[in-house]
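Next up, entry_38.cif (mmCIF, C-alpha atoms):
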```
data_final
#
loop_
_atom_site.label_atom_id
_atom_site.label_comp_id
_atom_site.auth_asym_id
_atom_site.auth_seq_id
_atom_site.Cartn_x
_atom_site.Cartn_y
_atom_site.Cartn_z
CA LEU F 1 0.00 0.00 0.00
CA ASP F 2 2.80 2.43 0.84
CA ARG F 3 4.55 1.91 -2.50
CA VAL F 4 1.31 2.26 -4.44
CA ALA F 5 0.53 5.45 -2.51
CA VAL F 6 3.94 6.92 -3.41
CA ALA F 7 3.53 5.94 -7.07
CA THR F 8 0.10 7.61 -7.14
CA ALA F 9 1.44 10.76 -5.50
CA ASN F 10 4.18 10.97 -8.16
CA LEU F 11 1.62 10.45 -10.92
CA LEU F 12 -0.57 13.24 -9.60
CA ASN F 13 2.29 15.72 -9.78
CA THR F 14 2.51 15.04 -13.53
CA VAL F 15 -1.25 15.02 -14.17
CA LEU F 16 -2.65 17.94 -12.17
CA ARG F 17 -2.86 21.32 -13.88
CA GLN F 18 -4.08 24.83 -13.10
CA SER F 19 -7.87 25.35 -12.83
CA GLN F 20 -8.76 21.66 -12.66
CA THR F 21 -11.42 20.05 -10.49
CA ILE F 22 -10.46 16.76 -8.87
CA GLY F 23 -13.06 14.36 -7.51
CA LEU F 24 -11.89 12.32 -4.52
CA ALA F 25 -13.51 9.14 -3.21
CA TRP F 26 -12.30 8.75 0.36
CA GLY F 27 -11.11 5.53 1.94
CA THR F 28 -8.13 3.66 3.38
CA THR F 29 -6.16 3.74 0.12
CA LEU F 30 -6.76 7.43 -0.61
CA ASP F 31 -5.82 8.24 2.98
CA ALA F 32 -2.47 6.55 2.34
CA VAL F 33 -2.03 8.53 -0.88
CA SER F 34 -2.77 11.78 0.97
CA ARG F 35 0.09 11.03 3.36
CA ALA F 36 2.54 10.33 0.51
CA LEU F 37 1.98 13.57 -1.40
CA THR F 38 4.89 15.93 -2.12
CA PRO F 39 4.09 19.66 -1.90
CA LYS F 40 3.30 21.47 -5.14
CA ASN F 41 1.35 24.68 -5.45
CA ILE F 42 -1.12 24.72 -8.35
CA ALA F 43 -3.38 27.73 -8.92
CA ASP F 44 -7.17 27.52 -8.90
CA LEU F 45 -7.38 23.82 -8.05
CA LYS F 46 -10.41 22.21 -6.35
CA PHE F 47 -10.64 18.87 -4.58
CA ALA F 48 -14.26 17.75 -4.29
CA GLN F 49 -15.44 14.90 -2.07
CA LEU F 50 -17.39 12.45 -4.25
CA ASN F 51 -19.47 10.64 -1.64
CA GLY F 52 -20.90 11.46 1.76
CA SER F 53 -19.22 10.41 4.99
CA ALA F 54 -21.85 10.70 7.73
CA ASN F 55 -23.14 7.56 9.43
CA SER F 56 -25.26 6.66 12.43
CA ILE F 57 -22.33 7.28 14.80
CA ASN F 58 -20.56 10.28 13.28
CA LEU F 59 -22.25 13.20 11.52
CA VAL F 60 -18.87 14.44 10.32
CA SER F 61 -16.01 11.99 9.79
CA GLY F 62 -12.64 13.37 10.84
CA PHE F 63 -11.00 10.56 8.86
CA VAL F 64 -12.62 11.75 5.64
CA ALA F 65 -12.26 15.49 6.25
CA ASP F 66 -8.58 15.07 7.12
CA THR F 67 -7.93 13.11 3.93
CA ILE F 68 -9.55 15.75 1.71
CA ALA F 69 -7.80 18.54 3.63
CA ARG F 70 -4.35 16.96 3.14
CA PHE F 71 -4.87 16.84 -0.63
CA ALA F 72 -6.03 20.46 -0.73
CA GLN F 73 -3.29 21.77 1.55
CA ASN F 74 -0.59 19.94 -0.39
CA TYR F 75 -1.50 21.78 -3.59
CA GLY F 76 -2.69 25.08 -2.10
CA ALA F 77 -6.15 24.17 -3.35
CA GLN F 78 -9.77 24.51 -2.25
CA ALA F 79 -11.45 21.61 -0.46
CA VAL F 80 -15.14 21.00 -1.22
CA LEU F 81 -16.67 18.70 1.38
CA PHE F 82 -19.91 16.76 0.95
CA PRO F 83 -21.63 16.65 4.37
CA VAL F 84 -24.37 14.11 3.66
CA PRO F 85 -24.89 10.50 4.79
CA THR F 86 -22.81 7.87 3.05
CA PHE F 87 -25.96 5.77 2.73
CA PHE F 88 -29.49 7.02 3.22
CA ASP F 89 -32.03 4.94 5.13
CA ASP F 90 -34.70 5.83 2.58
CA PRO F 91 -34.09 6.63 -1.11
CA ARG F 92 -36.81 9.28 -0.91
CA THR F 93 -34.74 11.21 1.64
CA LYS F 94 -31.82 11.23 -0.78
CA THR F 95 -34.06 12.45 -3.61
CA ALA F 96 -35.33 15.31 -1.45
CA MET F 97 -31.86 16.30 -0.24
CA TRP F 98 -30.48 16.27 -3.78
CA ARG F 99 -32.94 19.10 -4.55
CA GLU F 100 -31.36 21.37 -1.92
CA ARG F 101 -29.30 24.16 -3.47
CA SER F 102 -26.33 23.62 -1.15
CA VAL F 103 -26.16 19.93 -2.09
CA GLN F 104 -26.77 20.66 -5.78
CA HIS F 105 -23.82 23.05 -5.71
CA VAL F 106 -21.47 20.21 -4.67
CA LEU F 107 -23.04 17.82 -7.18
CA ASP F 108 -22.41 20.36 -9.94
CA ILE F 109 -18.74 20.63 -8.93
CA GLN F 110 -18.41 16.83 -8.89
CA ALA F 111 -19.85 16.64 -12.40
CA GLN F 112 -17.18 19.07 -13.64
CA ALA F 113 -14.28 16.92 -12.44
CA ASP F 114 -11.36 16.70 -14.88
CA VAL F 115 -9.60 14.12 -12.71
CA LEU F 116 -11.06 11.40 -10.50
CA ILE F 117 -9.02 9.59 -7.85
CA TYR F 118 -10.48 6.56 -6.14
CA SER F 119 -9.90 3.01 -5.03
CA ILE F 120 -12.07 -0.08 -5.03
CA GLY F 121 -13.95 -1.22 -1.97
CA SER F 122 -13.99 -4.93 -1.23
CA VAL F 123 -15.13 -6.82 1.83
CA THR F 124 -12.51 -9.49 1.10
CA ALA F 125 -9.51 -7.14 1.16
CA LYS F 126 -6.72 -7.89 3.65
CA ILE F 127 -6.80 -4.24 4.68
CA PRO F 128 -10.59 -3.76 4.79
CA SER F 129 -12.11 -0.79 3.03
CA HIS F 130 -13.02 1.88 5.58
CA VAL F 131 -16.70 1.76 4.67
CA TYR F 132 -16.92 -1.94 5.62
CA VAL F 133 -15.44 -1.61 9.10
CA SER F 134 -16.66 1.76 10.40
CA ALA F 135 -20.41 1.43 11.06
CA TYR F 136 -21.49 2.43 7.55
CA LEU F 137 -23.03 -0.92 6.62
CA GLU F 138 -25.11 -3.27 8.73
CA ASP F 139 -25.26 -7.04 8.33
CA SER F 140 -28.62 -6.72 6.58
CA ASP F 141 -27.06 -4.29 4.09
CA LEU F 142 -24.23 -6.69 3.33
CA GLN F 143 -26.71 -9.50 2.83
CA GLU F 144 -28.76 -7.37 0.43
CA LEU F 145 -25.65 -6.52 -1.55
CA LYS F 146 -24.62 -10.17 -1.71
CA GLN F 147 -28.04 -11.13 -3.04
CA ALA F 148 -27.76 -8.41 -5.70
CA GLY F 149 -24.44 -9.87 -6.83
CA ALA F 150 -22.37 -6.87 -5.77
CA ILE F 151 -18.65 -7.60 -5.84
CA GLY F 152 -17.18 -4.19 -5.04
CA ASP F 153 -17.78 -0.46 -4.87
CA ILE F 154 -16.34 2.79 -6.13
CA ALA F 155 -17.19 5.87 -4.06
CA THR F 156 -19.71 3.66 -2.17
CA VAL F 157 -21.63 2.86 -5.37
CA PHE F 158 -21.73 -0.91 -5.87
CA TYR F 159 -21.21 -2.96 -9.02
CA ARG F 160 -21.25 -6.61 -10.10
CA ALA F 161 -18.58 -8.88 -11.59
CA ASP F 162 -19.50 -7.69 -15.08
CA GLY F 163 -19.17 -4.05 -14.06
CA SER F 164 -22.91 -3.32 -14.14
CA PHE F 165 -24.27 -1.01 -11.45
CA ILE F 166 -27.38 0.81 -12.70
CA ASP F 167 -29.97 -1.69 -11.47
CA ILE F 168 -28.54 -2.56 -8.04
CA PRO F 169 -31.35 -1.41 -5.69
CA PHE F 170 -29.00 -0.50 -2.83
CA ASN F 171 -27.37 2.18 -4.98
CA LYS F 172 -30.55 4.26 -4.73
CA ARG F 173 -29.50 4.87 -1.12
CA ALA F 174 -25.84 5.59 -1.92
CA SER F 175 -24.43 9.12 -1.91
CA GLY F 176 -21.76 8.44 -4.51
CA PRO F 177 -22.02 9.50 -8.18
CA ASN F 178 -23.33 7.57 -11.13
CA LEU F 179 -20.27 5.51 -12.10
CA LYS F 180 -20.60 6.67 -15.70
CA ILE F 181 -18.56 9.62 -14.44
CA THR F 182 -15.48 7.35 -14.54
CA ARG F 183 -15.91 7.02 -18.32
CA GLN F 184 -16.18 10.77 -18.88
CA ALA F 185 -13.31 12.30 -16.89
CA GLN F 186 -10.01 13.03 -18.62
CA TYR F 187 -8.24 10.99 -15.95
CA ALA F 188 -10.12 8.35 -13.96
CA ILE F 189 -7.33 7.09 -11.71
CA CYS F 190 -8.03 3.91 -9.78
CA VAL F 191 -5.55 3.00 -7.04
CA VAL F 192 -5.49 -0.62 -5.85
CA SER F 193 -3.31 -2.65 -3.52
CA GLY F 194 -3.91 -6.14 -2.15
CA LEU F 195 -4.85 -9.58 -3.47
CA GLY F 196 -8.24 -9.41 -1.76
CA LYS F 197 -9.30 -6.72 -4.22
CA VAL F 198 -8.56 -8.71 -7.39
CA PRO F 199 -12.14 -10.00 -7.97
CA ALA F 200 -13.55 -6.51 -7.46
CA LEU F 201 -10.87 -5.02 -9.72
CA ARG F 202 -11.74 -7.48 -12.48
CA GLY F 203 -15.34 -6.32 -12.27
CA ALA F 204 -14.35 -2.66 -12.47
CA LEU F 205 -12.19 -3.36 -15.52
CA ALA F 206 -15.02 -5.31 -17.16
CA GLY F 207 -17.26 -2.27 -16.68
CA ARG F 208 -14.59 0.17 -17.98
CA LEU F 209 -14.82 2.05 -14.70
CA MET F 210 -11.34 3.62 -15.01
CA ASN F 211 -8.83 4.72 -17.63
CA THR F 212 -5.73 4.77 -15.43
CA LEU F 213 -4.74 2.07 -12.94
CA VAL F 214 -2.06 2.14 -10.26
CA LEU F 215 -1.40 -1.16 -8.49
CA ASP F 216 1.38 -3.26 -6.97
CA GLU F 217 3.23 -6.02 -8.83
CA ILE F 218 1.79 -8.94 -6.83
CA THR F 219 -1.79 -7.78 -7.35
CA ALA F 220 -1.08 -7.15 -11.05
CA HIS F 221 0.31 -10.68 -11.45
CA ALA F 222 -2.76 -12.19 -9.78
CA LEU F 223 -5.04 -10.08 -11.96
CA LEU F 224 -3.36 -11.37 -15.12
CA TYR F 225 -2.72 -15.00 -14.28
CA ASP F 226 -4.94 -16.14 -11.39
CA LYS F 227 -8.26 -17.13 -12.93
CA ASP F 228 -9.87 -18.51 -9.73
#
```
Whole structure given in structure tokens:
Amino acid sequence: LDRVAVATANLLNTVLRQSQTIGLAWGTTLDAVSRALTPKNIADLKFAQLNGSANSINLVSGFVADTIARFAQNYGAQAVLFPVPTFFDDPRTKTAMWRERSVQHVLDIQAQADVLIYSIGSVTAKIPSHVYVSAYLEDSDLQELKQAGAIGDIATVFYRADGSFIDIPFNKRASGPNLKITRQAQYAICVVSGLGKVPALRGALAGRLMNTLVLDEITAHALLYDKD
């Protein structure tokens, strides 16, 4: 994870340009990247949080806010937080909140992202994705996702082994963006480390949910040659 984080940090210093908007999906991997960044001041840069971070225990996650803040501070950029629940209890609540002007403002910024930076969530990862271990999902939620065939998530939006995501009912409660956004951004950078994420990574590749991939050698070898 540390080496992948450093490689991603180096990549960002070659990719990021003045006046760009960068969409960030928080999590364990992106937190590691935020700690590996090397300072570089870039004018008129925005880092926008792609998915909400509130849950039943914490209204505001210090883990998430700190990650976004480290990216912004490293580049002298603006941080745009997204203070909504990670998952809504009722899809109708999400629909109503998405009509609020303050929320719509953040959604508009997300949609303008030139660069996306995210990892893949997987319940089978050796280092568990933050969303699976920090009171965001209940056992009943995990069971529902299993029944729907979900194999992983990007920005807390779930997808299947073939990369499909549109018709997974649970996603109506998710705060993350429509994953079509990963096919539209100039750079959709997916950062992955760990053998436990290989099945989920295969699904994301099948769905063309990235155009740039940073991963470690062992995980890459398993992705190419381990067909189990």
Expansion of the PyMOL selection byres ((chain F and resi 8) around 10) into residues, as an mmCIF file with C-alpha atoms, keeping the file's coordinate frame:
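Listing of part.cif after writing:
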```cif
data_model
loop_
_atom_site.group_PDB
_atom_site.id
_atom_site.type_symbol
_atom_site.label_atom_id
_atom_site.label_comp_id
_atom_site.auth_asym_id
_atom_site.auth_seq_id
_atom_site.Cartn_x
_atom_site.Cartn_y
_atom_site.Cartn_z
ATOM 1 C CA ASP F 2 2.800 2.430 0.840
ATOM 2 C CA ARG F 3 4.550 1.910 -2.500
ATOM 3 C CA VAL F 4 1.310 2.260 -4.440
ATOM 4 C CA ALA F 5 0.530 5.450 -2.510
ATOM 5 C CA VAL F 6 3.940 6.920 -3.410
ATOM 6 C CA ALA F 7 3.530 5.940 -7.070
ATOM 7 C CA ALA F 9 1.440 10.760 -5.500
ATOM 8 C CA ASN F 10 4.180 10.970 -8.160
ATOM 9 C CA LEU F 11 1.620 10.450 -10.920
ATOM 10 C CA LEU F 12 -0.570 13.240 -9.600
ATOM 11 C CA ASN F 13 2.290 15.720 -9.780
ATOM 12 C CA LEU F 30 -6.760 7.430 -0.610
ATOM 13 C CA ALA F 32 -2.470 6.550 2.340
ATOM 14 C CA VAL F 33 -2.030 8.530 -0.880
ATOM 15 C CA SER F 34 -2.770 11.780 0.970
ATOM 16 C CA ALA F 36 2.540 10.330 0.510
ATOM 17 C CA LEU F 37 1.980 13.570 -1.400
ATOM 18 C CA ILE F 117 -9.020 9.590 -7.850
ATOM 19 C CA ILE F 189 -7.330 7.090 -11.710
ATOM 20 C CA CYS F 190 -8.030 3.910 -9.780
ATOM 21 C CA VAL F 191 -5.550 3.000 -7.040
ATOM 22 C CA LEU F 213 -4.740 2.070 -12.940
ATOM 23 C CA VAL F 214 -2.060 2.140 -10.260
ATOM 24 C CA LEU F 215 -1.400 -1.160 -8.490
#
```
Any chance you could resolve the PyMOL selection byres ((chain F and resi 167) around 12) against this file and give the residues as a PyMOL selection string? chain F and resi 145+148-150+157-160+163-166+168-172+178
Kindly export the residues of the current selection with C-alpha atoms, as an mmCIF file, in the coordinates of the input.
```cif
data_model
loop_
_atom_site.group_PDB
_atom_site.id
_atom_site.type_symbol
_atom_site.label_atom_id
_atom_site.label_comp_id
_atom_site.auth_asym_id
_atom_site.auth_seq_id
_atom_site.Cartn_x
_atom_site.Cartn_y
_atom_site.Cartn_z
ATOM 1 C CA LEU F 145 -25.650 -6.520 -1.550
ATOM 2 C CA ALA F 148 -27.760 -8.410 -5.700
ATOM 3 C CA GLY F 149 -24.440 -9.870 -6.830
ATOM 4 C CA ALA F 150 -22.370 -6.870 -5.770
ATOM 5 C CA VAL F 157 -21.630 2.860 -5.370
ATOM 6 C CA PHE F 158 -21.730 -0.910 -5.870
ATOM 7 C CA TYR F 159 -21.210 -2.960 -9.020
ATOM 8 C CA ARG F 160 -21.250 -6.610 -10.100
ATOM 9 C CA GLY F 163 -19.170 -4.050 -14.060
ATOM 10 C CA SER F 164 -22.910 -3.320 -14.140
ATOM 11 C CA PHE F 165 -24.270 -1.010 -11.450
ATOM 12 C CA ILE F 166 -27.380 0.810 -12.700
ATOM 13 C CA ILE F 168 -28.540 -2.560 -8.040
ATOM 14 C CA PRO F 169 -31.350 -1.410 -5.690
ATOM 15 C CA PHE F 170 -29.000 -0.500 -2.830
ATOM 16 C CA ASN F 171 -27.370 2.180 -4.980
ATOM 17 C CA LYS F 172 -30.550 4.260 -4.730
ATOM 18 C CA ASN F 178 -23.330 7.570 -11.130
#
```
Sorted per-residue table, region 93-115 of chain F near region 62-79 of chain F, closest atoms and distance, 12 Å, all atoms listed in the file, as a Markdown table:
```
| residue | atom | partner | partner_atom | distance |
| --- | --- | --- | --- | --- |
| F:Val106 | CA | F:Ala79 | CA | 11.0 |
| F:Ile109 | CA | F:Ala79 | CA | 11.2 |
| F:Gln110 | CA | F:Ala79 | CA | 11.9 |
```
CA of Gly52 (chain F) to CA of Ala96 (chain F), distance in Å rounded to a single decimal: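 We find that CA of Gly52 (chain F) and CA of Ala96 (chain F) lie 15.3 Å from each other.
Closest approach to Arg173 (chain F) among F:Ser122, F:Gln147, F:Ser140, F:Thr93 is made by F:Thr93 (distances from all atoms listed in the file).
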Translate the PyMOL selection byres ((chain F and resi 119) around 9), as applied to the file shown, into an explicit residue set as a ChimeraX atom specification. /F:25-30,117-118,120-121,153-155,189-193
Just write the chosen residues, C-alpha atoms, as an mmCIF file, keeping the file's coordinate frame.
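Output file result_11.cif follows:
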```
data_model
loop_
_atom_site.group_PDB
_atom_site.id
_atom_site.type_symbol
_atom_site.label_atom_id
_atom_site.label_comp_id
_atom_site.auth_asym_id
_atom_site.auth_seq_id
_atom_site.Cartn_x
_atom_site.Cartn_y
_atom_site.Cartn_z
ATOM 1 C CA ALA F 25 -13.510 9.140 -3.210
ATOM 2 C CA TRP F 26 -12.300 8.750 0.360
ATOM 3 C CA GLY F 27 -11.110 5.530 1.940
ATOM 4 C CA THR F 28 -8.130 3.660 3.380
ATOM 5 C CA THR F 29 -6.160 3.740 0.120
ATOM 6 C CA LEU F 30 -6.760 7.430 -0.610
ATOM 7 C CA ILE F 117 -9.020 9.590 -7.850
ATOM 8 C CA TYR F 118 -10.480 6.560 -6.140
ATOM 9 C CA ILE F 120 -12.070 -0.080 -5.030
ATOM 10 C CA GLY F 121 -13.950 -1.220 -1.970
ATOM 11 C CA ASP F 153 -17.780 -0.460 -4.870
ATOM 12 C CA ILE F 154 -16.340 2.790 -6.130
ATOM 13 C CA ALA F 155 -17.190 5.870 -4.060
ATOM 14 C CA ILE F 189 -7.330 7.090 -11.710
ATOM 15 C CA CYS F 190 -8.030 3.910 -9.780
ATOM 16 C CA VAL F 191 -5.550 3.000 -7.040
ATOM 17 C CA VAL F 192 -5.490 -0.620 -5.850
ATOM 18 C CA SER F 193 -3.310 -2.650 -3.520
#
```
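Nearest residue to Leu195 (chain F), choosing from F:Leu223, F:Arg35, F:Leu137, F:Arg183 and counting all atoms listed in the file: F:Leu223.
Going from CA of Ser19 (chain F) over to CA of Ile42 (chain F), you cover 8.1 Å.
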Mind completing region 192-203 of chain F with all heavy atoms? Output as a short mmCIF file (atom, residue, chain, number, x, y, z; two decimals), in the coordinates of the input, please?
```cif
data_model
loop_
_atom_site.label_atom_id
_atom_site.label_comp_id
_atom_site.auth_asym_id
_atom_site.auth_seq_id
_atom_site.Cartn_x
_atom_site.Cartn_y
_atom_site.Cartn_z
N VAL F 192 -5.13 0.66 -6.46
CA VAL F 192 -5.49 -0.62 -5.85
C VAL F 192 -4.24 -1.29 -5.29
O VAL F 192 -3.19 -1.31 -5.93
CB VAL F 192 -6.16 -1.56 -6.87
CG1 VAL F 192 -6.48 -2.91 -6.24
CG2 VAL F 192 -7.42 -0.92 -7.44
N SER F 193 -4.38 -1.86 -4.11
CA SER F 193 -3.31 -2.65 -3.52
C SER F 193 -3.93 -3.80 -2.72
O SER F 193 -4.85 -3.58 -1.93
CB SER F 193 -2.45 -1.78 -2.59
OG SER F 193 -1.46 -2.57 -1.95
N GLY F 194 -3.45 -5.01 -2.95
CA GLY F 194 -3.91 -6.14 -2.15
C GLY F 194 -4.64 -7.20 -2.95
O GLY F 194 -5.50 -6.90 -3.77
N LEU F 195 -4.27 -8.46 -2.72
CA LEU F 195 -4.85 -9.58 -3.47
C LEU F 195 -6.35 -9.71 -3.23
O LEU F 195 -7.08 -10.18 -4.10
CB LEU F 195 -4.15 -10.87 -3.07
CG LEU F 195 -2.67 -10.97 -3.48
CD1 LEU F 195 -2.03 -12.24 -2.91
CD2 LEU F 195 -2.53 -10.93 -5.00
N GLY F 196 -6.82 -9.30 -2.06
CA GLY F 196 -8.24 -9.41 -1.76
C GLY F 196 -9.12 -8.57 -2.65
O GLY F 196 -10.34 -8.78 -2.74
N LYS F 197 -8.51 -7.60 -3.35
CA LYS F 197 -9.30 -6.72 -4.22
C LYS F 197 -9.32 -7.17 -5.68
O LYS F 197 -9.97 -6.53 -6.51
CB LYS F 197 -8.75 -5.28 -4.14
CG LYS F 197 -8.98 -4.63 -2.79
CD LYS F 197 -8.71 -3.14 -2.83
CE LYS F 197 -9.08 -2.47 -1.50
NZ LYS F 197 -8.91 -1.01 -1.56
N VAL F 198 -8.65 -8.28 -5.99
CA VAL F 198 -8.56 -8.71 -7.39
C VAL F 198 -9.93 -9.00 -8.00
O VAL F 198 -10.23 -8.53 -9.11
CB VAL F 198 -7.62 -9.93 -7.52
CG1 VAL F 198 -7.73 -10.55 -8.91
CG2 VAL F 198 -6.18 -9.49 -7.25
N PRO F 199 -10.83 -9.77 -7.35
CA PRO F 199 -12.14 -10.00 -7.97
C PRO F 199 -12.90 -8.70 -8.24
O PRO F 199 -13.51 -8.54 -9.30
CB PRO F 199 -12.86 -10.88 -6.94
CG PRO F 199 -11.77 -11.56 -6.19
CD PRO F 199 -10.67 -10.53 -6.10
N ALA F 200 -12.87 -7.78 -7.28
CA ALA F 200 -13.55 -6.51 -7.46
C ALA F 200 -12.90 -5.68 -8.57
O ALA F 200 -13.58 -4.99 -9.33
CB ALA F 200 -13.57 -5.73 -6.15
N LEU F 201 -11.57 -5.76 -8.67
CA LEU F 201 -10.87 -5.02 -9.72
C LEU F 201 -11.22 -5.58 -11.10
O LEU F 201 -11.42 -4.82 -12.05
CB LEU F 201 -9.36 -5.09 -9.48
CG LEU F 201 -8.46 -4.43 -10.53
CD1 LEU F 201 -8.85 -2.98 -10.76
CD2 LEU F 201 -7.00 -4.55 -10.13
N ARG F 202 -11.32 -6.88 -11.21
CA ARG F 202 -11.74 -7.48 -12.48
C ARG F 202 -13.11 -6.94 -12.92
O ARG F 202 -13.34 -6.64 -14.08
CB ARG F 202 -11.79 -9.00 -12.37
CG ARG F 202 -10.45 -9.69 -12.43
CD ARG F 202 -10.59 -11.12 -12.91
NE ARG F 202 -9.30 -11.78 -12.86
CZ ARG F 202 -8.91 -12.59 -11.88
NH1 ARG F 202 -9.73 -12.84 -10.88
NH2 ARG F 202 -7.73 -13.15 -11.90
N GLY F 203 -14.02 -6.85 -11.96
CA GLY F 203 -15.34 -6.32 -12.27
C GLY F 203 -15.29 -4.88 -12.75
O GLY F 203 -15.97 -4.51 -13.71
#
```
